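Engineer: Got data.cif for you, mmCIF, C-alpha atoms:
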```
data_work
#
loop_
_atom_site.group_PDB
_atom_site.id
_atom_site.type_symbol
_atom_site.label_atom_id
_atom_site.label_comp_id
_atom_site.auth_asym_id
_atom_site.auth_seq_id
_atom_site.Cartn_x
_atom_site.Cartn_y
_atom_site.Cartn_z
ATOM 1 C CA MET V 214 56.046 55.348 193.561
ATOM 2 C CA ALA V 215 55.741 57.522 196.655
ATOM 3 C CA ILE V 216 57.622 60.762 197.337
ATOM 4 C CA THR V 217 60.477 61.555 194.971
ATOM 5 C CA TRP V 218 62.751 64.265 196.335
ATOM 6 C CA SER V 219 64.580 67.090 194.537
ATOM 7 C CA GLN V 220 67.284 69.402 195.876
ATOM 8 C CA LYS V 221 67.750 73.115 195.155
ATOM 9 C CA ASP V 222 71.197 74.177 193.915
ATOM 10 C CA ILE V 223 71.702 77.253 196.102
ATOM 11 C CA ALA V 224 74.765 78.503 194.174
ATOM 12 C CA ALA V 225 72.864 78.441 190.863
ATOM 13 C CA TYR V 226 69.830 80.056 192.514
ATOM 14 C CA ASN V 227 72.011 82.871 193.866
ATOM 15 C CA LYS V 228 73.345 83.484 190.325
ATOM 16 C CA GLY V 229 69.786 84.064 189.094
ATOM 17 C CA GLN V 230 69.029 80.595 187.741
ATOM 18 C CA TYR V 231 65.611 79.991 189.229
ATOM 19 C CA ASP V 232 65.078 76.598 187.566
ATOM 20 C CA CYS V 233 67.801 75.004 189.645
ATOM 21 C CA TRP V 234 66.124 71.905 191.055
ATOM 22 C CA SER V 235 67.754 68.525 190.506
ATOM 23 C CA GLU V 236 66.429 65.106 191.477
ATOM 24 C CA THR V 237 68.389 63.433 194.229
ATOM 25 C CA GLY V 238 67.153 59.953 193.410
ATOM 26 C CA GLU V 239 65.803 59.642 196.936
ATOM 27 C CA VAL V 240 62.381 57.998 197.141
ATOM 28 C CA THR V 241 60.618 57.707 200.487
ATOM 29 C CA HIS V 242 57.262 56.569 201.872
ATOM 30 C CA GLU V 243 56.678 53.893 199.244
ATOM 31 C CA GLY V 244 53.195 52.424 199.587
ATOM 32 C CA LEU V 245 52.342 54.920 202.330
ATOM 33 C CA VAL V 246 51.084 58.149 200.672
ATOM 34 C CA ILE V 247 47.384 58.676 201.441
ATOM 35 C CA ARG V 248 46.824 62.078 199.803
ATOM 36 C CA THR V 249 48.394 65.468 199.125
ATOM 37 C CA TYR V 250 47.129 68.877 200.180
ATOM 38 C CA SER V 251 48.166 72.530 200.390
ATOM 39 C CA GLU V 252 47.892 75.037 203.214
ATOM 40 C CA ASP V 253 48.554 78.734 203.548
ATOM 41 C CA ARG V 254 51.219 78.824 206.268
ATOM 42 C CA ARG V 255 53.155 81.527 208.051
ATOM 43 C CA VAL V 256 56.811 80.778 207.265
ATOM 44 C CA MET V 257 58.326 83.923 208.800
ATOM 45 C CA SER V 258 57.007 86.737 210.987
ATOM 46 C CA ASP V 259 55.255 88.564 208.142
ATOM 47 C CA ILE V 260 55.639 86.133 205.249
ATOM 48 C CA TRP V 261 52.992 83.619 204.252
ATOM 49 C CA SER V 262 53.411 80.855 201.709
ATOM 50 C CA ILE V 263 51.267 78.168 200.139
ATOM 51 C CA GLU V 264 52.995 75.012 201.329
ATOM 52 C CA ARG V 265 52.422 71.491 200.018
ATOM 53 C CA PHE V 266 52.128 68.417 202.208
ATOM 54 C CA ALA V 267 51.645 64.692 201.833
ATOM 55 C CA LEU V 268 49.550 62.777 204.334
ATOM 56 C CA VAL V 269 51.446 59.532 204.829
ATOM 57 C CA TRP V 270 50.872 56.414 206.888
ATOM 58 C CA ASN V 271 53.369 55.538 209.618
ATOM 59 C CA PRO V 272 53.254 51.734 210.100
ATOM 60 C CA GLU V 273 55.288 51.946 213.328
ATOM 61 C CA THR V 274 52.721 54.129 215.124
ATOM 62 C CA ASN V 275 49.682 52.976 213.106
ATOM 63 C CA SER V 276 48.694 56.576 212.456
ATOM 64 C CA SER V 277 48.866 59.160 209.692
ATOM 65 C CA GLU V 278 51.241 62.112 209.703
ATOM 66 C CA SER V 279 52.008 65.071 207.477
ATOM 67 C CA VAL V 280 55.244 65.397 205.533
ATOM 68 C CA HIS V 281 56.237 68.779 204.095
ATOM 69 C CA ILE V 282 57.012 68.325 200.392
ATOM 70 C CA GLY V 283 57.564 71.912 199.272
ATOM 71 C CA GLY V 284 56.003 75.250 198.711
ATOM 72 C CA ALA V 285 56.262 78.762 197.356
ATOM 73 C CA PHE V 286 58.716 80.020 199.998
ATOM 74 C CA GLU V 287 62.063 80.798 198.391
ATOM 75 C CA CYS V 288 64.052 79.440 201.354
ATOM 76 C CA ASN V 289 62.752 75.905 200.766
ATOM 77 C CA THR V 290 65.759 73.882 199.652
ATOM 78 C CA ARG V 291 64.096 70.504 199.295
ATOM 79 C CA SER V 292 60.999 69.578 197.333
ATOM 80 C CA GLY V 293 59.107 66.365 196.767
ATOM 81 C CA ASP V 294 56.652 65.032 194.229
ATOM 82 C CA ALA V 295 54.146 62.706 195.876
ATOM 83 C CA VAL V 296 52.100 60.037 194.159
ATOM 84 C CA VAL V 297 49.225 58.461 196.082
ATOM 85 C CA ASP V 298 50.052 54.771 196.510
ATOM 86 C CA ILE V 299 48.722 53.705 199.923
ATOM 87 C CA LEU V 300 48.499 49.956 200.407
ATOM 88 C CA PRO V 301 44.906 48.720 200.875
ATOM 89 C CA GLU V 302 45.498 47.304 204.377
ATOM 90 C CA TYR V 303 46.893 50.653 205.610
ATOM 91 C CA LEU V 304 44.120 52.570 203.867
ATOM 92 C CA ALA V 305 41.488 50.454 205.640
ATOM 93 C CA ILE V 306 43.044 51.198 209.047
ATOM 94 C CA HIS V 307 43.325 54.908 208.220
ATOM 95 C CA GLU V 308 39.695 55.114 207.075
ATOM 96 C CA ALA V 309 38.526 53.304 210.231
ATOM 97 C CA GLN V 310 40.468 55.793 212.372
ATOM 98 C CA GLU V 311 39.031 58.730 210.387
ATOM 99 C CA GLU V 312 35.496 57.348 210.868
ATOM 100 C CA ALA V 313 36.068 56.888 214.608
ATOM 101 C CA ALA V 314 37.402 60.455 214.858
ATOM 102 C CA ARG V 315 34.404 61.759 212.896
ATOM 103 C CA ILE V 316 31.959 59.943 215.204
ATOM 104 C CA ALA V 317 33.806 61.215 218.311
ATOM 105 C CA ASN V 318 33.713 64.759 216.934
ATOM 106 C CA GLU V 319 29.980 64.507 216.211
ATOM 107 C CA GLU V 320 29.375 63.299 219.783
ATOM 108 C CA TYR V 321 31.496 66.133 221.167
ATOM 109 C CA GLN V 322 29.604 68.681 219.024
ATOM 110 C CA ARG V 323 26.256 67.236 220.121
ATOM 111 C CA LYS V 324 27.212 67.473 223.816
ATOM 112 C CA ALA V 325 28.573 70.996 223.339
ATOM 113 C CA HIS V 326 25.329 72.013 221.602
ATOM 114 C CA GLU V 327 23.265 70.543 224.455
ATOM 115 C CA GLU V 328 25.411 72.367 227.019
ATOM 116 C CA ARG V 329 25.048 75.685 225.178
ATOM 117 C CA ALA V 330 21.274 75.147 224.949
ATOM 118 C CA ARG V 331 21.144 74.330 228.675
ATOM 119 C CA LYS V 332 23.085 77.489 229.529
ATOM 120 C CA ARG V 333 20.834 79.608 227.295
ATOM 121 C CA ALA V 334 17.725 78.151 228.956
ATOM 122 C CA LEU V 335 19.191 78.756 232.420
ATOM 123 C CA ALA V 336 20.127 82.342 231.517
ATOM 124 C CA ALA V 337 16.609 82.983 230.177
ATOM 125 C CA HIS V 338 15.095 81.393 233.301
ATOM 126 C CA ASN V 339 17.238 83.563 235.594
ATOM 127 C CA TYR V 340 16.764 86.760 233.576
ATOM 128 C CA PRO V 341 15.178 89.324 235.911
ATOM 129 C CA GLU V 342 11.730 90.575 234.847
ATOM 130 C CA ARG V 343 9.121 92.516 236.757
ATOM 131 C CA GLY V 344 7.011 90.215 238.877
ATOM 132 C CA LYS V 345 9.501 87.335 239.110
ATOM 133 C CA VAL V 346 10.435 86.130 242.588
ATOM 134 C CA MET V 347 14.227 85.931 242.745
ATOM 135 C CA ARG V 348 16.846 84.951 245.329
ATOM 136 C CA VAL V 349 20.295 86.514 245.894
ATOM 137 C CA VAL V 350 22.976 83.847 245.392
ATOM 138 C CA ARG V 351 26.169 85.959 245.480
ATOM 139 C CA GLY V 352 27.479 89.378 246.288
ATOM 140 C CA ARG V 353 28.609 91.258 249.380
ATOM 141 C CA LYS V 354 26.077 93.939 250.199
ATOM 142 C CA VAL V 355 22.823 91.982 250.187
ATOM 143 C CA PRO V 356 22.945 88.743 252.212
ATOM 144 C CA LYS V 357 22.823 85.513 250.220
ATOM 145 C CA GLY V 358 19.432 83.843 250.383
ATOM 146 C CA THR V 359 17.506 87.142 250.424
ATOM 147 C CA THR V 360 14.329 86.641 248.394
ATOM 148 C CA GLY V 361 12.101 89.259 246.852
ATOM 149 C CA LYS V 362 9.840 90.184 243.967
ATOM 150 C CA VAL V 363 11.399 92.163 241.104
ATOM 151 C CA PHE V 364 9.728 95.563 240.783
ATOM 152 C CA TRP V 365 12.406 97.493 238.898
ATOM 153 C CA VAL V 366 15.008 96.544 236.255
ATOM 154 C CA ASN V 367 17.459 98.946 234.640
ATOM 155 C CA GLY V 368 20.419 97.539 232.760
ATOM 156 C CA GLY V 369 22.294 95.297 235.145
ATOM 157 C CA ARG V 370 20.619 96.577 238.322
ATOM 158 C CA VAL V 371 17.468 95.124 239.861
ATOM 159 C CA GLY V 372 15.176 96.358 242.589
ATOM 160 C CA LEU V 373 13.744 93.610 244.815
ATOM 161 C CA ALA V 374 10.700 94.210 246.991
ATOM 162 C CA LEU V 375 11.371 92.195 250.130
ATOM 163 C CA SER V 376 7.835 92.680 251.430
ATOM 164 C CA ASP V 377 4.438 93.884 250.180
ATOM 165 C CA GLU V 378 4.472 96.984 252.451
ATOM 166 C CA LYS V 379 4.246 100.333 250.633
ATOM 167 C CA ASP V 380 4.376 103.928 251.805
ATOM 168 C CA GLU V 381 1.650 106.554 251.220
ATOM 169 C CA ARG V 382 3.036 107.307 247.725
ATOM 170 C CA GLY V 383 2.869 103.618 246.694
ATOM 171 C CA ARG V 384 6.604 102.900 246.900
ATOM 172 C CA HIS V 385 7.929 99.678 248.399
ATOM 173 C CA LYS V 386 9.262 100.184 251.940
ATOM 174 C CA ASP V 387 11.561 97.186 252.222
ATOM 175 C CA VAL V 388 13.788 96.975 249.105
ATOM 176 C CA ALA V 389 17.183 95.653 248.057
ATOM 177 C CA TRP V 390 19.219 96.840 245.074
ATOM 178 C CA VAL V 391 21.153 93.978 243.485
ATOM 179 C CA ASP V 392 23.184 93.285 240.346
ATOM 180 C CA SER V 393 21.203 91.043 238.017
ATOM 181 C CA ALA V 394 24.130 88.589 237.802
ATOM 182 C CA TYR V 395 23.729 87.891 241.533
ATOM 183 C CA LEU V 396 20.140 86.660 241.229
ATOM 184 C CA GLU V 397 18.528 83.290 240.647
ATOM 185 C CA ASN V 398 14.895 82.517 239.871
ATOM 186 C CA THR V 399 13.169 80.713 242.739
ATOM 187 C CA ALA V 400 10.760 78.919 240.400
ATOM 188 C CA PRO V 401 11.958 75.489 239.247
ATOM 189 C CA LEU V 402 13.546 75.306 235.816
ATOM 190 C CA PRO V 403 10.974 74.059 233.291
ATOM 191 C CA VAL V 404 11.772 70.683 231.819
#
```
As a first step, turn the structure in this file into structure tokens.

Structural biologist:
Amino acid sequence: MAITWSQKDIAAYNKGQYDCWSETGEVTHEGLVIRTYSEDRRVMSDIWSIERFALVWNPETNSSESVHIGGAFECNTRSGDAVVDILPEYLAIHEAQEEAARIANEEYQRKAHEERARKRALAAHNYPERGKVMRVVRGRKVPKGTTGKVFWVNGGRVGLALSDEKDERGRHKDVAWVDSAYLENTAPLPV
């Protein structure tokens, strides 16, 4: 057995008979039902319903697909009862595809994790701190390539000392004020 379908008698439902489902005798997806599941779905703009689905095998495309078999929404006029009956040869193909998808997802997650870790390390490396020698890599006011030692950091602004010269009060003479996002550490990134 696979999916056995029932039809809602709309006229009886409108008269207040809420147990108005009758079997149509239609049976589909024989030997193809993998499993059943439910999902909370938005069926109208502000109405949500717990809808039931059957995951079935499509031998023409050699892939699984979902078939809506009913739910709690009152406008559903067709309902199905699914019995898991997948043939072993289709189940083996489906499980192999699921395993391949799982492995591909793990590889994708691993690469994404490595990329996030690389970006975090680069951001920490390029974070302006007093004493770091940094280079301007973007912006309009300070020429790109300008290099200096960070002597002041406040929020997103950085003061770069472009030389070691100081005035009589001990302040740097040659300075540039730059957004921290426009700077890059001149030291090589640690491995």

Engineer: Run the PyMOL selection byres ((chain V and resi 402) around 8) against the file shown and list the residues it catches, as a VMD selection string.

Structural biologist: chain V and resid 335 338 400 to 401 403 to 404

Engineer: Tell me which residues the PyMOL selection byres ((chain V and resi 218) around 7) grabs here, as a ChimeraX atom specification.

Structural biologist: /V:216-217,219-220,236-240,292-294

Engineer: Of the candidates V:Arg351, V:Lys357, V:Lys221, V:His307, which shows the shortest atom-to-atom distance to Thr290 of chain V, using all atoms listed in the file?

Structural biologist: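 Nearest to Thr290 of chain V: V:Lys221.
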
Engineer: Pull out every residue that the PyMOL selection byres ((chain V and resi 264) around 12) matches in the shown coordinates and put them as a compact mmCIF listing (two decimals) with C-alpha atoms, in the frame of the given file.

Structural biologist:
```txt
# COMPACT_ATOMS: atom_id res chain seq x y z
CA THR V 249 48.39 65.47 199.12
CA TYR V 250 47.13 68.88 200.18
CA SER V 251 48.17 72.53 200.39
CA GLU V 252 47.89 75.04 203.21
CA ASP V 253 48.55 78.73 203.55
CA ARG V 254 51.22 78.82 206.27
CA ARG V 255 53.16 81.53 208.05
CA VAL V 256 56.81 80.78 207.26
CA TRP V 261 52.99 83.62 204.25
CA SER V 262 53.41 80.86 201.71
CA ILE V 263 51.27 78.17 200.14
CA ARG V 265 52.42 71.49 200.02
CA PHE V 266 52.13 68.42 202.21
CA ALA V 267 51.64 64.69 201.83
CA SER V 279 52.01 65.07 207.48
CA VAL V 280 55.24 65.40 205.53
CA HIS V 281 56.24 68.78 204.10
CA ILE V 282 57.01 68.32 200.39
CA GLY V 283 57.56 71.91 199.27
CA GLY V 284 56.00 75.25 198.71
CA ALA V 285 56.26 78.76 197.36
CA PHE V 286 58.72 80.02 200.00
CA GLU V 287 62.06 80.80 198.39
CA CYS V 288 64.05 79.44 201.35
CA ASN V 289 62.75 75.90 200.77
CA SER V 292 61.00 69.58 197.33
CA GLY V 293 59.11 66.36 196.77
```

Engineer: Could you list as a short mmCIF file (atom, residue, chain, number, x, y, z; two decimals) with C-alpha atoms, in the coordinates of the input every residue that has an atom within 10 Å of (50.8, 54.7, 195.5), using the file's coordinates and counting only C-alpha atoms?

Structural biologist:
```cif
data_model
loop_
_atom_site.label_atom_id
_atom_site.label_comp_id
_atom_site.auth_asym_id
_atom_site.auth_seq_id
_atom_site.Cartn_x
_atom_site.Cartn_y
_atom_site.Cartn_z
CA MET V 214 56.05 55.35 193.56
CA ALA V 215 55.74 57.52 196.66
CA ILE V 216 57.62 60.76 197.34
CA HIS V 242 57.26 56.57 201.87
CA GLU V 243 56.68 53.89 199.24
CA GLY V 244 53.20 52.42 199.59
CA LEU V 245 52.34 54.92 202.33
CA VAL V 246 51.08 58.15 200.67
CA ILE V 247 47.38 58.68 201.44
CA ARG V 248 46.82 62.08 199.80
CA ALA V 295 54.15 62.71 195.88
CA VAL V 296 52.10 60.04 194.16
CA VAL V 297 49.22 58.46 196.08
CA ASP V 298 50.05 54.77 196.51
CA ILE V 299 48.72 53.70 199.92
CA LEU V 300 48.50 49.96 200.41
CA PRO V 301 44.91 48.72 200.88
#
```

Engineer: Tell me which of V:Arg384, V:Arg291, V:Lys345, V:Thr274 sits closest to Ser235 of chain V, counting all atoms listed in the file.

Structural biologist: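 Ranking V:Arg384, V:Arg291, V:Lys345, V:Thr274 by distance to Ser235 of chain V, first place goes to V:Arg291.
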
Engineer: Of the candidates V:Asn398, V:Asn339, V:Asn275, V:Asn367, which one gets nearest to Leu304 of chain V if we count all atoms listed in the file?

Structural biologist: V:Asn275

Engineer: Using Å and a single decimal, report how far atom CA of Ile306 of chain V sits from atom CA of Leu268 of chain V.

Structural biologist: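 Pair atom CA of Leu268 of chain V / atom CA of Ile306 of chain V returns 14.1 Å.
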